[in-house]
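Asks: My structure file final_15.cif, mmCIF, C-alpha atoms, is below:
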data_query
loop_
_atom_site.label_atom_id
_atom_site.label_comp_id
_atom_site.auth_asym_id
_atom_site.auth_seq_id
_atom_site.Cartn_x
_atom_site.Cartn_y
_atom_site.Cartn_z
CA MET A 62 112.38 92.68 138.31
CA GLN A 63 110.65 95.96 137.57
CA THR A 64 109.81 96.89 133.99
CA ARG A 65 111.97 99.99 134.22
CA THR A 66 114.97 97.97 135.39
CA LEU A 67 114.40 95.48 132.57
CA ILE A 68 114.33 98.28 129.99
CA ASP A 69 117.59 99.67 131.40
CA HIS A 70 119.13 96.22 131.22
CA LEU A 71 117.96 95.54 127.65
CA SER A 72 119.13 98.96 126.43
CA ARG A 73 122.53 98.50 128.04
CA ASP A 74 123.02 95.14 126.31
CA LEU A 75 121.95 96.41 122.89
CA LYS A 76 124.10 95.37 119.97
CA PRO A 77 123.60 96.25 116.29
CA VAL A 78 121.74 93.64 114.26
CA ARG A 79 121.22 93.19 110.55
CA PRO A 80 117.49 93.10 109.79
CA ARG A 81 116.27 89.76 108.54
CA THR A 82 115.05 89.79 104.93
CA PHE A 83 113.19 87.33 102.75
CA PHE A 84 116.26 86.90 100.56
CA SER A 85 118.64 86.15 103.43
CA ASP A 86 116.39 83.25 104.48
CA ALA A 87 115.76 82.15 100.90
CA ARG A 88 119.53 82.07 100.32
CA ILE A 89 119.95 79.50 103.13
CA LEU A 90 117.36 77.20 101.61
CA VAL A 91 118.59 77.57 98.05
CA ILE A 92 122.20 76.84 99.07
CA LEU A 93 121.02 73.79 101.02
CA PHE A 94 118.98 72.61 98.02
CA VAL A 95 121.87 73.04 95.58
CA ILE A 96 124.32 71.25 97.90
CA GLU A 97 122.01 68.29 98.49
CA LEU A 98 121.04 67.92 94.85
CA GLY A 99 124.66 68.29 93.79
CA LEU A 100 125.87 65.66 96.25
CA TYR A 101 123.05 63.31 95.32
CA LEU A 102 123.70 63.54 91.60
CA SER A 103 127.49 63.56 91.91
CA ALA A 104 127.23 60.31 93.88
CA ARG A 105 125.57 58.91 90.74
CA MET A 106 122.40 58.12 92.61
CA PHE A 107 120.21 58.94 89.60
CA ARG A 108 118.31 56.22 87.73
CA PRO A 109 120.29 54.38 85.06
CA ASP A 110 117.81 55.22 82.28
CA ILE A 111 117.74 58.94 82.99
CA ALA A 112 118.46 59.77 79.34
CA PHE A 113 115.29 57.90 78.36
CA ALA A 114 113.25 59.17 81.31
CA ILE A 115 113.66 62.83 80.44
CA HIS A 116 111.51 62.22 77.37
CA LEU A 117 108.60 60.91 79.45
CA PRO A 118 105.81 63.30 80.41
CA SER A 119 105.44 61.59 83.79
CA PHE A 120 109.06 62.39 84.70
CA TRP A 121 108.48 66.08 84.08
CA TRP A 122 105.10 65.91 85.76
CA LYS A 123 106.76 64.58 88.93
CA LEU A 124 109.56 67.12 88.75
CA LEU A 125 107.40 70.18 88.05
CA SER A 126 104.66 69.28 90.54
CA LEU A 127 107.03 68.58 93.42
CA GLY A 128 109.31 71.51 92.55
CA LEU A 129 106.36 73.89 92.46
CA ILE A 130 104.91 72.60 95.73
CA GLY A 131 108.35 72.79 97.38
CA ALA A 132 109.02 76.30 96.11
CA VAL A 133 105.60 77.61 97.17
CA GLY A 134 105.90 75.84 100.54
CA GLY A 135 109.36 77.30 101.16
CA THR A 136 108.26 80.80 100.15
CA ALA A 137 105.17 80.56 102.36
CA THR A 138 107.32 79.42 105.29
CA ILE A 139 109.75 82.31 104.92
CA LEU A 140 106.88 84.80 104.67
CA SER A 141 105.09 83.31 107.67
CA VAL A 142 108.07 83.58 110.05
CA ASP A 143 107.52 87.33 110.04
CA PRO A 144 105.40 88.18 113.13
CA THR A 145 102.88 89.98 110.94
CA GLY A 146 102.70 87.14 108.42
CA THR A 147 100.28 84.26 108.21
CA SER A 148 100.26 81.17 106.05
CA ARG A 149 96.56 80.35 105.92
CA GLY A 150 96.15 81.66 102.35
CA SER A 151 99.35 79.91 101.25
CA LEU A 152 98.14 76.61 102.70
CA ARG A 153 94.94 76.80 100.69
CA PHE A 154 96.99 77.61 97.59
CA ILE A 155 99.29 74.62 98.22
CA LEU A 156 96.31 72.31 98.69
CA GLY A 157 95.01 73.55 95.35
CA LEU A 158 98.40 72.85 93.78
CA VAL A 159 98.41 69.31 95.14
CA ALA A 160 94.95 68.69 93.75
CA MET A 161 95.99 70.15 90.39
CA SER A 162 99.06 67.91 90.37
CA PHE A 163 96.98 64.77 90.90
CA LEU A 164 94.52 65.86 88.25
CA SER A 165 97.18 66.73 85.68
CA GLY A 166 98.95 63.42 86.35
CA TRP A 167 95.71 61.57 85.75
CA LEU A 168 94.90 63.53 82.58
CA PHE A 169 98.29 63.72 80.86
CA CYS A 170 100.42 60.88 82.18
CA MET A 171 98.11 57.90 82.68
CA PRO A 172 98.94 55.26 80.05
CA ASP A 173 95.29 54.29 79.72
CA TRP A 174 91.92 55.26 81.17
CA LEU A 175 91.26 51.86 82.68
CA PRO A 176 91.08 51.27 86.40
CA VAL A 177 94.53 50.70 87.88
CA PRO A 178 95.35 47.00 88.34
CA ALA A 179 97.05 46.00 91.56
CA SER A 180 99.91 44.48 89.56
CA ARG A 181 101.09 47.97 88.64
CA LEU A 182 101.81 48.67 92.28
CA ASN A 183 105.15 47.48 93.55
CA PRO A 184 104.99 47.45 97.33
CA VAL A 185 108.69 46.62 97.89
CA GLN A 186 109.82 49.44 95.62
CA GLY A 187 107.14 51.60 97.20
CA LEU A 188 108.56 51.09 100.69
CA HIS A 189 111.99 51.96 99.34
CA CYS A 190 110.55 55.18 97.88
CA ILE A 191 108.94 56.13 101.20
CA TYR A 192 112.13 55.45 103.12
CA THR A 193 114.31 57.45 100.69
CA ILE A 194 111.93 60.42 100.57
CA ILE A 195 112.00 60.58 104.36
CA LEU A 196 115.81 60.43 104.43
CA LEU A 197 116.23 63.07 101.71
CA SER A 198 113.88 65.48 103.45
CA ILE A 199 115.95 65.54 106.65
CA PRO A 200 118.44 68.24 105.48
CA PHE A 201 115.52 70.47 104.44
CA THR A 202 113.83 69.89 107.75
CA ILE A 203 116.98 71.13 109.46
CA GLY A 204 117.30 74.10 107.10
CA LEU A 205 113.68 75.11 107.51
CA GLY A 206 114.04 74.71 111.28
CA LEU A 207 116.92 77.16 111.14
CA VAL A 208 114.85 79.64 109.16
CA ILE A 209 111.99 79.31 111.64
CA ARG A 210 114.32 79.88 114.61
CA ARG A 211 115.74 82.99 112.94
CA GLY A 212 112.27 84.40 112.50
CA ALA A 213 109.40 85.06 114.85
CA PRO A 214 106.32 83.18 113.61
CA THR A 215 103.04 83.98 115.28
CA ASP A 216 100.95 81.42 113.40
CA LEU A 217 102.69 78.29 114.68
CA GLU A 218 100.32 75.74 113.15
CA GLY A 219 100.40 77.36 109.73
CA THR A 220 104.17 77.84 109.69
CA ALA A 221 104.78 74.26 110.82
CA SER A 222 102.43 72.95 108.12
CA THR A 223 103.95 74.93 105.24
CA ALA A 224 107.47 74.02 106.38
CA GLY A 225 106.50 70.34 106.62
CA ILE A 226 105.04 70.39 103.10
CA ALA A 227 108.13 72.15 101.74
CA ALA A 228 110.54 69.68 103.39
CA ALA A 229 108.56 66.71 102.09
CA ALA A 230 108.21 68.10 98.56
CA TRP A 231 111.91 68.90 98.29
CA GLY A 232 112.91 65.46 99.55
CA ALA A 233 110.59 63.88 96.98
CA PHE A 234 111.84 66.24 94.26
CA ILE A 235 115.42 65.04 94.68
CA PHE A 236 114.29 61.44 94.79
CA THR A 237 112.58 61.95 91.42
CA PHE A 238 115.99 61.69 89.74
CA ALA A 239 116.51 58.23 91.24
CA CYS A 240 113.01 56.75 91.18
CA PRO A 241 112.75 54.25 88.31
CA ILE A 242 108.95 54.12 88.26
CA ASP A 243 106.89 56.55 86.22
CA ASP A 244 103.39 55.19 86.73
CA PRO A 245 101.29 58.14 88.00
CA PHE A 246 99.15 55.91 90.19
CA TYR A 247 102.21 54.43 91.90
CA ILE A 248 103.70 57.90 92.35
CA ALA A 249 100.47 59.38 93.67
CA LEU A 250 100.17 56.59 96.21
CA PHE A 251 103.69 56.03 97.53
CA TYR A 252 104.94 59.61 97.20
CA SER A 253 101.85 60.75 99.07
CA ILE A 254 102.58 58.27 101.88
CA GLY A 255 106.26 59.33 102.03
CA CYS A 256 105.46 63.04 101.92
CA GLY A 257 102.63 62.54 104.43
CA ALA A 258 104.98 60.81 106.88
CA VAL A 259 107.49 63.66 106.55
CA LEU A 260 104.72 66.21 106.97
CA ILE A 261 103.35 64.59 110.13
CA CYS A 262 106.76 64.20 111.80
CA SER A 263 108.28 67.52 110.76
CA ARG A 264 105.10 69.43 111.62
CA ARG A 265 105.45 68.28 115.23
CA ILE A 266 109.12 69.26 115.29
CA PHE A 267 108.46 72.64 113.63
CA LYS A 268 105.65 73.46 116.02
CA TYR A 269 108.04 72.91 118.91
CA ILE A 270 110.84 74.87 117.25
CA ALA A 271 108.56 77.71 116.18
CA HIS A 272 107.46 78.55 119.73
CA TRP A 273 109.34 81.55 121.16
CA MET B 85 115.86 105.61 105.44
CA ALA B 86 119.53 106.12 106.25
CA ASN B 87 118.93 109.87 106.36
CA THR B 88 116.02 109.37 108.71
CA VAL B 89 118.18 107.27 111.03
CA VAL B 90 120.98 109.85 111.02
CA ALA B 91 118.50 112.66 111.67
CA PHE B 92 116.99 110.67 114.46
CA ARG B 93 120.38 110.10 116.05
CA HIS B 94 120.84 113.89 116.30
CA GLN B 95 117.38 114.19 117.74
CA THR B 96 117.94 111.46 120.35
CA SER B 97 121.23 112.97 121.54
CA SER B 98 119.42 116.24 122.22
CA VAL B 99 116.69 114.47 124.14
CA ALA B 100 119.05 112.31 126.13
CA ASP B 101 118.33 114.25 129.32
CA ASP B 102 114.64 113.57 129.28
CA ASN B 103 115.20 109.99 128.24
CA LEU B 104 113.66 108.63 131.41
CA ARG B 105 110.50 110.66 131.20
CA VAL B 106 108.33 107.84 130.04
CA ASN B 107 104.89 108.97 131.05
CA LYS B 108 104.20 110.86 127.88
CA PRO B 109 101.07 109.82 126.00
CA ALA B 110 101.62 106.76 123.89
CA ALA B 111 100.19 108.57 120.89
CA GLU B 112 103.20 110.88 120.86
CA GLY B 113 105.56 108.02 120.12
CA LYS B 114 103.42 106.44 117.44
CA GLY B 115 103.90 106.34 113.72
CA THR B 116 107.11 107.22 112.03
CA ALA B 117 108.86 108.16 115.28
CA TRP B 118 108.64 104.57 116.51
CA ASP B 119 109.73 103.29 113.10
CA ALA B 120 112.80 105.53 113.21
CA MET B 121 113.56 104.61 116.82
CA MET B 122 113.47 100.89 116.04
CA ALA B 123 115.59 101.35 112.93
CA ALA B 124 118.09 103.28 115.05
CA ALA B 125 117.97 100.53 117.69
CA GLN B 126 118.82 97.95 115.04
CA ASN B 127 121.92 100.04 114.34
CA GLY B 128 122.85 99.90 118.03
CA ASN B 129 121.47 103.24 119.28
CA SER B 130 120.72 102.41 122.91
CA LEU B 131 119.21 105.83 123.72
CA ALA B 132 116.60 105.45 121.01
CA TYR B 133 115.99 101.89 122.12
CA HIS B 134 115.50 102.88 125.75
CA ARG B 135 113.05 105.58 124.77
CA LEU B 136 111.20 103.25 122.43
CA LEU B 137 110.86 100.44 124.99
CA SER B 138 109.65 102.92 127.61
CA GLN B 139 106.92 104.18 125.32
CA VAL B 140 106.08 100.68 124.17
CA ALA B 141 105.65 99.59 127.79
CA VAL B 142 103.04 102.32 128.28
CA ARG B 143 101.26 101.24 125.09
CA LEU B 144 101.34 97.59 126.15
CA ARG B 145 99.92 98.41 129.57
CA ALA B 146 96.93 100.02 127.89
CA TYR B 147 96.60 97.04 125.52
CA TYR B 148 96.66 94.40 128.24
CA ALA B 149 94.55 96.36 130.73
CA ARG B 150 91.35 95.06 129.12
CA ARG B 151 92.70 91.65 128.22
CA LEU B 152 94.45 90.24 131.29
CA PRO B 153 94.01 90.16 135.06
CA PRO B 154 95.91 93.08 136.67
CA ALA B 155 98.32 90.71 138.43
CA MET B 156 99.55 89.33 135.10
CA ILE B 157 100.00 92.56 133.19
CA ASP B 158 103.51 93.43 134.38
CA ASP B 159 104.87 89.94 133.69
CA THR B 160 103.35 89.89 130.21
CA ILE B 161 104.70 93.35 129.37
CA GLN B 162 108.15 92.19 130.40
CA GLU B 163 107.81 89.07 128.29
CA VAL B 164 106.92 91.19 125.27
CA LEU B 165 109.85 93.53 125.89
CA VAL B 166 112.24 90.58 126.05
CA ALA B 167 110.64 89.15 122.89
CA ILE B 168 111.13 92.48 121.10
CA HIS B 169 114.76 92.43 122.17
CA MET B 170 115.38 88.84 121.09
CA LYS B 171 113.56 89.16 117.77
CA ARG B 172 114.45 92.74 116.88
CA ARG B 173 116.18 91.62 113.72
CA THR B 174 112.84 90.41 112.32
CA TYR B 175 111.55 93.99 112.18
CA ASP B 176 111.65 95.35 108.63
CA PRO B 177 112.49 99.09 108.83
CA SER B 178 110.47 99.79 105.69
CA ARG B 179 107.26 98.73 107.42
CA PRO B 180 105.30 100.25 110.35
CA PHE B 181 106.73 99.31 113.73
CA GLU B 182 103.39 99.35 115.50
CA VAL B 183 101.94 96.60 113.33
CA TRP B 184 104.98 94.44 114.15
CA LEU B 185 104.70 95.29 117.83
CA MET B 186 101.01 94.50 118.08
CA ALA B 187 101.50 91.17 116.30
CA ILE B 188 104.01 90.22 119.00
CA ALA B 189 101.78 91.58 121.76
CA ARG B 190 98.84 89.55 120.48
CA TYR B 191 100.98 86.41 120.15
CA LYS B 192 102.23 86.75 123.73
CA TRP B 193 98.72 87.43 124.97
CA ILE B 194 97.44 84.22 123.39
CA ASP B 195 100.47 82.44 124.83
CA VAL B 196 99.64 83.67 128.33
CA LEU B 197 96.00 82.64 127.96
CA ARG B 198 97.12 79.21 126.78
CA SER B 199 99.45 78.86 129.77
CA LEU B 200 96.55 79.68 132.11
CA LYS B 201 94.90 76.46 131.00
CA THR B 202 97.85 74.39 132.14
CA LYS B 203 98.38 76.18 135.47
CA ALA B 204 96.30 74.78 138.30
CA THR B 205 94.25 77.36 140.19
CA GLU B 206 92.19 76.92 143.34
CA PRO B 207 89.31 79.22 144.25
CA LEU B 208 89.48 80.61 147.80
CA ASP B 209 86.49 80.32 150.15
CA ASP B 210 84.71 83.52 151.08
CA ASP B 211 85.37 82.86 154.79
CA PHE B 212 89.10 82.35 154.27
CA PRO B 213 90.72 82.75 157.75
CA ILE B 214 92.95 85.81 157.78
CA THR B 215 93.88 88.33 160.49
CA ASP B 216 92.08 91.65 160.25
CA HIS B 217 94.68 94.41 159.77
CA GLY B 218 92.08 97.17 159.62
CA GLU B 219 92.88 98.62 163.04
CA ALA B 220 96.61 98.73 162.35
CA VAL B 221 96.01 100.50 159.05
CA VAL B 222 93.73 103.10 160.69
CA ASN B 223 96.33 103.68 163.46
CA ALA B 224 99.11 104.13 160.93
CA GLN B 225 97.01 106.63 158.96
CA SER B 226 96.15 108.58 162.14
CA LEU B 227 99.80 108.68 163.16
CA ASP B 228 100.78 109.97 159.71
CA GLN B 229 98.21 112.75 159.99
CA LEU B 230 99.46 113.67 163.48
CA LEU B 231 103.11 113.75 162.39
CA ALA B 232 102.18 115.91 159.42
CA THR B 233 101.23 118.66 161.92
CA LEU B 234 104.86 118.82 163.13
CA SER B 235 107.81 120.45 161.40
CA PRO B 236 109.77 118.11 159.10
CA ALA B 237 112.77 118.17 161.46
CA GLN B 238 110.60 117.00 164.38
CA SER B 239 108.56 114.42 162.49
CA ASP B 240 111.69 112.90 160.91
CA VAL B 241 113.46 112.28 164.20
CA ILE B 242 110.30 110.98 165.88
CA ARG B 243 109.84 108.49 163.06
CA LEU B 244 113.47 107.36 163.30
CA VAL B 245 113.85 107.21 167.06
CA LYS B 246 110.38 106.37 168.38
CA LEU B 247 108.89 104.37 165.51
CA GLN B 248 111.88 102.70 163.84
CA GLY B 249 113.84 102.31 167.11
CA LEU B 250 117.12 103.89 165.97
CA SER B 251 119.53 105.40 168.46
CA ILE B 252 120.01 109.17 168.85
CA ASP B 253 123.41 108.94 167.16
CA GLU B 254 122.01 106.98 164.18
CA ALA B 255 119.15 109.44 163.76
CA SER B 256 121.66 112.26 163.99
CA ALA B 257 123.77 110.71 161.25
CA ILE B 258 120.75 110.18 158.98
CA THR B 259 119.11 113.59 159.41
CA GLY B 260 122.31 115.63 159.73
CA GLN B 261 121.09 117.19 163.01
CA SER B 262 123.36 117.20 166.04
CA ALA B 263 122.63 114.63 168.78
CA ALA B 264 121.47 117.38 171.13
CA LEU B 265 119.15 118.81 168.47
CA VAL B 266 117.69 115.36 167.83
CA LYS B 267 116.85 115.03 171.56
CA VAL B 268 115.32 118.49 171.64
CA ASN B 269 113.25 117.89 168.50
CA VAL B 270 111.97 114.53 169.78
CA HIS B 271 111.01 116.09 173.11
CA ARG B 272 109.33 119.14 171.59
CA GLY B 273 107.58 117.10 168.93
CA ILE B 274 106.06 114.69 171.41
CA LYS B 275 105.00 117.55 173.64
CA LYS B 276 103.30 119.20 170.68
CA LEU B 277 101.53 115.96 169.77
CA ILE B 278 100.25 115.51 173.32
CA SER B 279 98.89 119.02 173.40
CA PHE B 280 97.31 118.51 170.00
CA LEU B 281 95.59 115.34 171.22
CA ARG B 282 94.38 117.07 174.43
CA ILE B 283 92.85 119.89 172.43
CA GLY B 284 91.16 117.37 170.17
CA ARG B 285 89.74 115.41 173.15
CA ASN B 286 88.42 118.59 174.82
CA ALA B 287 86.77 119.61 171.58
CA ASP B 288 84.98 116.20 171.44
#
Taking this structure as input, can you express it in the form of structure tokens?
Replies:
Amino acid sequence: MQTRTLIDHLSRDLKPVRPRTFFSDARILVILFVIELGLYLSARMFRPDIAFAIHLPSFWWKLLSLGLIGAVGGTATILSVDPTGTSRGSLRFILGLVAMSFLSGWLFCMPDWLPVPASRLNPVQGLHCIYTIILLSIPFTIGLGLVIRRGAPTDLEGTASTAGIAAAAWGAFIFTFACPIDDPFYIALFYSIGCGAVLICSRRIFKYIAHW
Amino acid sequence: MANTVVAFRHQTSSVADDNLRVNKPAAEGKGTAWDAMMAAAQNGNSLAYHRLLSQVAVRLRAYYARRLPPAMIDDTIQEVLVAIHMKRRTYDPSRPFEVWLMAIARYKWIDVLRSLKTKATEPLDDDFPITDHGEAVVNAQSLDQLLATLSPAQSDVIRLVKLQGLSIDEASAITGQSAALVKVNVHRGIKKLISFLRIGRNAD
């Protein structure tokens, strides 16, 4: 087909479109987040001692760290699906946030300054955490995939990475309400494994979806 | 922005006649004009869209000329045009169109380069066996020059009847000359060519 013929064809088929905006994409993710959190809490999946837990610094440390990482990751993903956008700066910022989260957990939430004994790790509960984080991140993976398909990312690796981090952080954020363990070392270890697994898998999926 | 779009709609309706004149310099379509055209296209203005894509194609040709082998330029331009069409909702009318366009052009360029890696290519030998068409090309050029010395009515019918092998009636239908006139023009044209060749040979 000649270029001229193609232009004629494309012009003939033109239909009005509503320009994509940051807020239209953000709305999708926020609605998804509210629905999933609402369903999770309404199914009484939260930990039985939640009234006690909200007074613990480690509970808020988990919540704030994961919420912040998820929010920054989601924002970076939405910004990077614009063809002129890139997520390299956002990725560095998120890595800094993760490091800050580990450091603040160590400084403010560790019960003592002694080396962590192996008895404080609970591998069975840990596996359960990993499994649940992966499950809870699936709806966000789908939602972020939708946002990526609606956009036109030109930095596929960066977009896939930020979206993977966001999906993992949001899955872990919701699980925070159900996780009965507040030990920062346990959280740093098993949440990192769960989020890492989500990141690795969803990054592959997002890279495939992001190509256009 | 809405006023700009409305103003542009008036402008595009007045330029509808020269809509297909696409060989204007790319610089003419740059800047706010492209922004307004794309904003109008998002509202469904196909005239503006046609004009924009035509100018963008010229701009893309210049962009890819130094970046891709000539054989791949057309395909890549078409890929970018389709990408613009599919992703036109991602253009933000408050921002420059050209920045958006060049981001897509660069992305597609990298995509093409990446695909080159996966496509198998085989270098041809220098002594690749192929028939030499040089003589046929020279003959065709000489014949064109000879026919150019005749009147259009004579050269047309000679081309149709003697070169393309059409019948007198078919040539008559195509050229609008009567069958008798076609015969006369073929005869006189050939006679003129023969005399032209004789003069040329004597001069040599």
Asks: Identify, on the basis of all atoms listed in the file, every residue whose closest approach to Val166 (chain B) does not exceed 9 Å; exclude the query and any residue fewer than 3 positions from it along the same chain; express the result as a list in words.
Replies: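 Near neighbours after the sequence-gap exclusion: Leu67, Ile68 and Leu71 of chain A; Ile161, Gln162, Glu163, His169, Met170 and Lys171 of chain B.
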Asks: Show me, as JSON, numbers by chain, every residue of chain B with an atom at most 6 Å from chain A, counting all atoms listed in the file.
Replies: {"B": [126, 127, 128, 130, 134, 173, 174, 184, 187, 191]}
Asks: For a cut-off of 9 Å around (113.1, 54.9, 91.7), file coordinates, pick out all residues using all atoms listed in the file and list them as a VMD selection string.
Replies: chain A and resid 107 to 108 186 to 187 189 to 190 236 to 243
Asks: Please compute the CA of Arg172 (chain B)-CA of Gly131 (chain A) distance, one decimal, in Å.
Replies: 28.6 Å
Asks: Decode the PyMOL selection byres ((chain A and resi 206) around 12) for the given file into explicit residues and return them as a VMD selection string.
Replies: chain A and resid 86 89 to 90 135 138 to 139 142 199 to 205 207 to 214 220 to 221 223 to 225 227 to 228 263 to 272
Asks: I would like the residues chosen by the PyMOL selection byres ((chain A and resi 125) around 12) on the shown file; could you give them as a list in words?
Replies: Pro118, Ser119, Phe120, Trp121, Trp122, Lys123, Leu124, Ser126, Leu127, Gly128, Leu129, Ile130, Gly131, Ala132, Val133, Leu158, Val159, Met161, Ser162, Ser165, Gly166, Ala230, Trp231, Ala233, Phe234, Ile235 and Thr237 of chain A
Asks: Please produce a file of the residues just selected, as a compact mmCIF listing (two decimals), in the frame of the given file, where the atoms kept are C-alpha atoms.
Replies:
# COMPACT_ATOMS: atom_id res chain seq x y z
CA PRO A 118 105.81 63.30 80.41
CA SER A 119 105.44 61.59 83.79
CA PHE A 120 109.06 62.39 84.70
CA TRP A 121 108.48 66.08 84.08
CA TRP A 122 105.10 65.91 85.76
CA LYS A 123 106.76 64.58 88.93
CA LEU A 124 109.56 67.12 88.75
CA SER A 126 104.66 69.28 90.54
CA LEU A 127 107.03 68.58 93.42
CA GLY A 128 109.31 71.51 92.55
CA LEU A 129 106.36 73.89 92.46
CA ILE A 130 104.91 72.60 95.73
CA GLY A 131 108.35 72.79 97.38
CA ALA A 132 109.02 76.30 96.11
CA VAL A 133 105.60 77.61 97.17
CA LEU A 158 98.40 72.85 93.78
CA VAL A 159 98.41 69.31 95.14
CA MET A 161 95.99 70.15 90.39
CA SER A 162 99.06 67.91 90.37
CA SER A 165 97.18 66.73 85.68
CA GLY A 166 98.95 63.42 86.35
CA ALA A 230 108.21 68.10 98.56
CA TRP A 231 111.91 68.90 98.29
CA ALA A 233 110.59 63.88 96.98
CA PHE A 234 111.84 66.24 94.26
CA ILE A 235 115.42 65.04 94.68
CA THR A 237 112.58 61.95 91.42
Asks: Between CA of Val196 (chain B) and CA of Arg145 (chain B), what distance in Å does the model show, to one decimal?
Replies: 14.8 Å
Asks: Since I can't run it myself right now, could you work out what the PyMOL selection byres ((chain B and resi 227) around 12) selects here and report it as a list in words?
Replies: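 For this structure, the PyMOL selection byres ((chain B and resi 227) around 12) captures Ala220, Val221, Val222, Asn223, Ala224, Gln225, Ser226, Asp228, Gln229, Leu230, Leu231, Ala232, Thr233, Leu234, Ser239, Ile242, Arg243, Leu247, Ile274, Leu277 and Leu281 of chain B.
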